[in-house]
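File shown: target12.txt (compact mmCIF, C-alpha atoms).
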# COMPACT_ATOMS: atom_id res chain seq x y z
CA MET I 12 48.99 17.27 78.29
CA LYS I 13 48.05 20.82 79.28
CA LYS I 14 49.67 22.99 81.93
CA PHE I 15 48.67 26.40 83.20
CA ARG I 16 51.48 28.87 83.91
CA LEU I 17 51.83 32.61 84.09
CA TYR I 18 55.24 33.77 82.91
CA LEU I 19 56.39 37.33 82.39
CA ASP I 20 60.08 36.55 81.96
CA LYS I 21 60.72 34.91 78.60
CA ASP I 22 64.06 33.55 79.81
CA THR I 23 62.59 31.50 82.67
CA GLU I 24 59.70 30.50 80.41
CA GLN I 25 62.23 29.31 77.83
CA ASP I 26 64.12 27.34 80.49
CA TRP I 27 60.89 25.67 81.52
CA LEU I 28 60.04 24.68 77.92
CA MET I 29 63.56 23.24 77.56
CA LYS I 30 63.15 21.28 80.80
CA MET I 31 59.83 19.88 79.55
CA SER I 32 61.46 18.93 76.23
CA LYS I 33 64.25 17.11 78.10
CA GLU I 34 61.58 15.17 79.98
CA GLY I 35 59.96 14.14 76.70
CA TRP I 36 57.24 16.76 76.38
CA ALA I 37 57.27 18.99 73.32
CA PHE I 38 55.50 22.31 73.73
CA SER I 39 53.07 22.81 70.84
CA LYS I 40 50.59 25.59 71.62
CA PHE I 41 50.02 28.57 73.88
CA VAL I 42 46.67 30.22 74.61
CA LEU I 43 46.09 32.55 77.59
CA GLY I 44 48.54 30.87 79.92
CA VAL I 45 47.61 27.34 78.86
CA TYR I 46 50.56 25.43 77.42
CA THR I 47 49.83 22.31 75.40
CA PHE I 48 52.46 19.56 75.29
CA VAL I 49 52.74 16.44 73.14
CA PRO I 50 55.12 13.52 73.77
CA CYS I 51 58.53 13.69 72.05
CA GLU I 52 61.90 12.04 72.39
CA PRO I 53 63.70 13.49 75.43
CA GLY I 54 65.63 16.58 74.37
CA GLN I 55 64.34 16.48 70.80
CA TYR I 56 63.74 20.23 70.51
CA ILE I 57 65.45 23.49 71.44
CA TYR I 58 63.03 26.32 72.19
CA GLN I 59 63.46 30.07 71.85
CA ILE I 60 61.01 32.88 72.56
CA ASP I 61 61.05 36.27 70.85
CA LEU I 62 59.10 39.53 70.91
CA LEU I 63 58.40 41.17 67.55
CA ASP I 64 58.70 44.88 66.86
CA ASN I 65 55.16 45.36 65.64
CA TRP I 66 52.48 42.77 65.22
CA VAL I 67 50.82 43.99 62.02
CA GLY I 68 53.51 43.79 59.36
CA ASP I 69 56.15 41.63 61.00
CA LYS I 70 54.21 38.53 61.94
CA LYS I 71 53.96 36.82 58.54
CA ASP I 72 57.30 38.10 57.31
CA PHE I 73 59.13 36.90 60.43
CA ALA I 74 57.46 33.48 60.37
CA GLU I 75 58.33 32.97 56.68
CA PHE I 76 61.91 34.03 57.28
CA MET I 77 62.30 31.62 60.18
CA GLU I 78 60.76 28.73 58.30
CA ASP I 79 63.05 29.41 55.34
CA SER I 80 65.96 29.12 57.78
CA GLY I 81 64.80 25.72 59.00
CA ILE I 82 63.14 26.92 62.19
CA GLU I 83 59.64 25.99 63.20
CA VAL I 84 57.23 28.64 64.43
CA VAL I 85 55.34 26.72 67.09
CA SER I 86 52.91 29.29 68.42
CA GLN I 87 52.27 33.03 68.27
CA TRP I 88 50.62 35.12 70.91
CA TYR I 89 50.10 38.85 70.29
CA ARG I 90 53.68 39.98 69.55
CA TRP I 91 55.28 36.97 71.25
CA VAL I 92 56.60 34.11 69.14
CA PHE I 93 57.59 30.59 70.22
CA LEU I 94 60.20 28.96 68.00
CA ARG I 95 61.92 25.62 68.00
CA LYS I 96 64.53 23.61 66.15
CA LYS I 97 65.44 19.94 66.34
CA ALA I 98 68.44 19.55 68.65
CA ALA I 99 69.95 17.05 66.19
CA GLU I 100 70.28 19.87 63.63
CA GLY I 101 72.79 21.74 65.78
CA PRO I 102 72.70 24.63 68.25
CA PHE I 103 69.92 27.18 68.12
CA ASP I 104 70.43 30.71 69.37
CA LEU I 105 68.21 33.40 67.89
CA TYR I 106 70.63 36.20 68.71
CA THR I 107 74.37 35.74 68.40
CA ASP I 108 75.88 39.18 68.83
CA THR I 109 75.76 41.76 71.60
CA GLU I 110 74.03 44.40 69.44
CA SER I 111 71.06 42.21 68.56
CA LYS I 112 70.80 40.83 72.12
CA ILE I 113 70.62 44.38 73.46
CA ALA I 114 68.02 45.22 70.79
CA GLN I 115 65.89 42.25 71.90
CA TYR I 116 65.96 43.20 75.59
CA SER I 117 65.22 46.80 74.63
CA ARG I 118 62.07 45.62 72.83
CA VAL I 119 61.02 43.58 75.87
CA ARG I 120 61.73 46.50 78.20
CA LYS I 121 59.65 48.86 76.04
CA PHE I 122 56.81 46.31 75.97
CA PHE I 123 56.68 46.13 79.78
CA SER I 124 57.24 49.88 80.23
CA ILE I 125 54.14 50.65 78.19
CA GLY I 126 52.22 47.94 80.07
CA LEU I 127 53.47 49.38 83.36
CA LEU I 128 52.15 52.87 82.52
CA VAL I 129 48.74 51.49 81.55
CA GLU I 130 48.54 49.41 84.74
CA ILE I 131 49.56 52.36 86.93
CA VAL I 132 46.74 54.45 85.46
CA CYS I 133 44.26 51.58 86.01
CA PHE I 134 45.55 51.13 89.56
CA PHE I 135 44.87 54.74 90.53
CA VAL I 136 41.45 54.79 88.85
CA GLU I 137 40.45 51.66 90.79
CA LEU I 138 42.04 52.92 94.01
CA ASN I 139 40.02 56.12 93.71
CA SER I 140 36.71 54.29 93.30
CA ALA I 141 37.61 51.80 96.05
CA VAL I 142 38.32 54.60 98.52
CA ARG I 143 35.14 56.43 97.51
CA THR I 144 32.76 53.46 97.75
CA GLY I 145 34.60 51.22 100.21
CA ASP I 146 33.39 48.30 98.09
CA PHE I 147 35.24 45.05 98.83
CA SER I 148 35.48 43.79 95.23
CA LEU I 149 36.91 47.14 94.09
CA TRP I 150 39.59 46.85 96.78
CA LEU I 151 40.33 43.35 95.56
CA ILE I 152 40.81 44.60 91.97
CA THR I 153 42.99 47.47 93.24
CA PHE I 154 45.14 45.02 95.17
CA LEU I 155 45.46 42.79 92.10
CA LEU I 156 46.42 45.75 89.88
CA GLY I 157 49.00 46.80 92.45
CA PHE I 158 50.49 43.33 92.23
CA ILE I 159 50.63 43.53 88.41
CA VAL I 160 52.29 46.96 88.61
CA LEU I 161 55.03 45.50 90.83
CA ALA I 162 55.50 42.48 88.57
CA PHE I 163 55.84 44.69 85.47
CA LEU I 164 58.20 47.03 87.31
CA ARG I 165 60.37 44.04 88.17
CA MET I 166 60.49 43.05 84.47
CA VAL I 167 61.51 46.57 83.39
CA TRP I 168 64.35 46.48 85.97
CA LYS I 169 65.38 43.00 84.94
CA CYS I 170 65.63 44.02 81.27
CA ARG I 171 67.57 47.13 82.20
CA TRP I 172 69.98 45.01 84.24
CA LYS I 173 70.47 42.54 81.36
CA ILE I 174 71.13 45.38 78.90
CA GLU I 175 73.69 46.89 81.29
CA GLN I 176 75.40 43.51 81.66
CA LEU I 177 75.59 43.13 77.87
CA GLN I 178 76.94 46.64 77.41
CA ARG I 179 79.60 46.06 80.05
CA GLY I 180 80.73 42.86 78.34
CA ARG I 181 81.07 44.58 74.98
CA MET C 22 80.98 53.96 62.58
CA PRO C 23 82.74 50.65 61.95
CA LEU C 24 80.45 47.87 60.73
CA THR C 25 79.63 45.09 63.15
CA GLU C 26 81.02 41.71 62.20
CA ALA C 27 77.50 40.49 61.43
CA LEU C 28 76.73 43.39 59.07
CA TYR C 29 80.13 43.07 57.39
CA TYR C 30 79.75 39.38 56.62
CA ILE C 31 76.11 39.69 55.55
CA LEU C 32 77.22 42.30 52.99
CA VAL C 33 79.92 39.89 51.78
CA ALA C 34 77.33 37.13 51.42
CA VAL C 35 74.88 39.25 49.39
CA GLY C 36 77.51 40.25 46.82
CA ARG C 37 75.51 37.90 44.65
CA PRO C 38 71.79 37.16 45.27
CA ASN C 39 71.40 35.10 48.42
CA HIS C 40 68.57 34.05 50.75
CA GLY C 41 68.46 33.97 54.55
CA TYR C 42 69.63 30.43 55.17
CA GLY C 43 72.19 30.76 52.36
CA ILE C 44 73.69 33.80 54.09
CA ILE C 45 74.01 31.92 57.40
CA GLN C 46 75.71 28.98 55.65
CA GLU C 47 78.06 31.06 53.54
CA VAL C 48 79.21 33.21 56.47
CA SER C 49 79.80 30.10 58.54
CA GLU C 50 81.80 28.50 55.71
CA ILE C 51 84.08 31.45 54.93
CA THR C 52 84.86 31.98 58.63
CA ASN C 53 85.42 28.25 59.24
CA GLY C 54 82.46 28.16 61.61
CA ARG C 55 83.68 31.05 63.76
CA VAL C 56 80.77 33.37 62.86
CA VAL C 57 77.45 31.54 62.94
CA LEU C 58 74.66 34.12 62.61
CA GLY C 59 71.56 33.53 64.71
CA PRO C 60 68.40 33.78 62.59
CA GLY C 61 67.06 36.59 64.80
CA THR C 62 70.28 38.55 64.44
CA LEU C 63 70.16 38.04 60.67
CA TYR C 64 66.47 39.00 60.43
CA GLY C 65 67.04 42.26 62.32
CA ALA C 66 70.18 43.09 60.31
CA ILE C 67 68.45 42.43 56.96
CA ASN C 68 65.48 44.63 57.86
CA SER C 69 67.69 47.46 59.05
CA MET C 70 69.85 47.26 55.92
CA LEU C 71 66.77 47.12 53.68
CA SER C 72 65.44 50.32 55.25
CA LYS C 73 68.87 51.98 54.91
CA GLU C 74 68.94 50.75 51.28
CA TRP C 75 72.29 48.99 51.66
CA ILE C 76 70.65 45.86 50.25
CA ARG C 77 67.52 45.25 48.22
CA LEU C 78 65.06 42.47 47.62
CA TYR C 79 66.33 40.64 44.56
CA SER C 80 63.53 38.20 43.92
CA GLU C 81 60.32 37.13 45.49
CA ASP C 82 58.49 34.43 43.61
CA LYS C 83 55.10 34.27 45.27
CA THR C 84 53.73 31.43 43.14
CA SER C 85 56.34 28.76 43.78
CA ARG C 86 56.91 29.80 47.42
CA LYS C 87 60.55 30.49 46.63
CA LYS C 88 62.76 31.96 49.32
CA LYS C 89 63.34 35.72 49.33
CA GLU C 90 66.72 36.67 47.93
CA TYR C 91 68.68 39.79 48.78
CA LYS C 92 71.45 41.66 46.95
CA ILE C 93 73.81 44.48 47.85
CA THR C 94 73.03 47.96 46.37
CA GLU C 95 75.40 50.67 45.07
CA LYS C 96 75.02 52.44 48.42
CA GLY C 97 75.77 49.23 50.32
CA LYS C 98 78.84 48.59 48.18
CA LYS C 99 80.13 52.09 48.95
CA ILE C 100 79.68 51.55 52.70
CA PHE C 101 81.42 48.19 52.40
CA ASP C 102 84.37 49.63 50.43
CA GLU C 103 84.80 52.39 53.02
CA GLU C 104 84.96 49.74 55.74
CA VAL C 105 87.51 47.69 53.79
CA LYS C 106 89.64 50.83 53.44
CA ARG C 107 89.45 51.34 57.21
CA LEU C 108 90.34 47.71 57.90
CA LYS C 109 93.29 47.88 55.49
CA GLU C 110 94.58 50.93 57.32
CA LEU C 111 94.36 49.01 60.60
CA LEU C 112 96.33 46.12 59.12
CA ASN C 113 98.96 48.32 57.51
CA ASN C 114 99.56 50.13 60.76
CA ALA C 115 100.01 46.85 62.60
CA GLY C 116 103.52 46.64 61.14
CA LYS C 117 104.42 50.02 62.60
CA MET C 118 104.33 48.77 66.15
CA GLY C 119 107.68 49.20 67.89
CA GLU C 120 109.21 45.96 69.06
CA ASP C 121 110.59 46.91 72.44
CA LEU C 122 109.06 43.96 74.22
As structure tokens, please, write out the structure in this file.
Amino acid sequence: MKKFRLYLDKDTEQDWLMKMSKEGWAFSKFVLGVYTFVPCEPGQYIYQIDLLDNWVGDKKDFAEFMEDSGIEVVSQWYRWVFLRKKAAEGPFDLYTDTESKIAQYSRVRKFFSIGLLVEIVCFFVELNSAVRTGDFSLWLITFLLGFIVLAFLRMVWKCRWKIEQLQRGR
Amino acid sequence: MPLTEALYYILVAVGRPNHGYGIIQEVSEITNGRVVLGPGTLYGAINSMLSKEWIRLYSEDKTSRKKKEYKITEKGKKIFDEEVKRLKELLNNAGKMGEDL
């Protein structure tokens, strides 16, 4: 079964994959928003999503490390990694202390901050040409970029909020 | 800076050569399951300690696809001993608390 979804927030994405697993659908592949699922026993797998520091050196090293620790690397997309473990083998939390949880959300925040800057530049370039030409399709692209800017901004704020929560609980 | 619990116990576990999963298991055993390191936490800690040269890669057998093993370095041992000294001081001073309650 294939499903199309656009997620920015890895936590809600993770919750969705867990819900699918509970309903007997094991996530097995991700390409450009298309999630592939295969049947499994309800609740067979626990899923976790992570963002790597850099995608050149880390990718292979990280995957090997996880597999050595009994965790399956299901799918990789750019710097994002989808991991799972059989629920029967016990709990599965990638990050177990405050320091490493903060480090993870800091990576995610940086990822969206850079994306946000790029999108803001694109937005103003498109806005400029849209105003100049009055072309409908350029306005459409500008509108779309504006939407992406807001969505990324929301993610940066969300990460900042999570980091603050973690720091307060320390 | 005091060591985090994760760093402290990883250093204990690499006193002799140990691999990722072995570290998780050993730490869980010696703390009676109180400290169970998440693999992401361990991966980040190992990389940071490798770059600080507190631990080193002990073996990497590429032919038989053997797991990477890590071992504490002289520098790591010194950091660890400093921390133990600090912890001992904490414990010793526990007895100095007045008992007015």
Range 116-128 of chain I surroundings by all atoms listed in the file, 9 Å radius, close-in-sequence under 5 positions cut, as a ChimeraX atom specification: /I:61-64,111,133,159-164,166-171,173-174
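Each of C:Phe101, C:Trp75, C:Tyr42, C:Tyr91 was compared to chain I using all atoms listed in the file, and C:Tyr42 turns out to be the nearest.
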Each chain C residue no farther than 8 Å from chain I, nearest pair in Å, all atoms listed in the file, as a Markdown table:
| residue | atom | partner | partner_atom | distance |
| --- | --- | --- | --- | --- |
| C:Ala27 | CA | I:Asp108 | CA | 7.7 |
| C:Gly41 | CA | I:Ser80 | CA | 6.3 |
| C:Tyr42 | CA | I:Ser80 | CA | 4.7 |
| C:Val57 | CA | I:Thr107 | CA | 7.5 |
| C:Leu58 | CA | I:Thr107 | CA | 6.0 |
| C:Gly59 | CA | I:Leu105 | CA | 4.6 |
| C:Pro60 | CA | I:Leu105 | CA | 5.3 |
| C:Gly61 | CA | I:Leu105 | CA | 4.6 |
| C:Thr62 | CA | I:Tyr106 | CA | 4.9 |
| C:Tyr64 | CA | I:Phe76 | CA | 7.4 |
| C:Gly65 | CA | I:Ser111 | CA | 7.4 |
| C:Lys88 | CA | I:Asp79 | CA | 6.5 |
Given only C-alpha atoms as the basis, pick out the residue of C:Glu104, C:Thr94, C:Asn68, C:Gly119 nearest to Glu26 in chain C.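 Of all the options, C:Glu104 lies closest to Glu26 in chain C.
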Point-to-point distance in Å for CA of Glu100 in chain I and CA of Lys21 in chain I: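 These atoms are spaced 23.3 Å apart.
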Quick one: pull the distance between CA of His40 in chain C and CA of Met22 in chain C, Å, one decimal.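 Computing it gives 26.3 Å between the two atoms.
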So that I can see what lies close to Val33 in chain C, please list as a ChimeraX atom specification the residues with an atom at most 10 Å from it, counting all atoms listed in the file and leaving out residues fewer than 3 positions away in the same chain. /C:27-30,36-37,44,47-48,51,92-93,98,101
Between CA of Leu108 in chain C and CA of Tyr79 in chain C, what distance in Å does the model show, to one decimal?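 CA of Tyr79 in chain C lies 28.4 Å from CA of Leu108 in chain C.
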Determine, counting all atoms listed in the file, which protein, DNA and RNA residues have an atom within 10 Å of an atom of Phe15 in chain I; residues of the same chain fewer than 5 positions away are not included. Present the result as a PyMOL selection string. chain I and resi 41-47
Quick one: axis-aligned box around all listed atoms of range 112-116 of chain C, 3 Å on every side, centre and edge lengths in Å to one decimal, written as JSON.
{"center_x": 99.9, "center_y": 48.1, "center_z": 60.1, "size_x": 13.2, "size_y": 10.0, "size_z": 11.1}
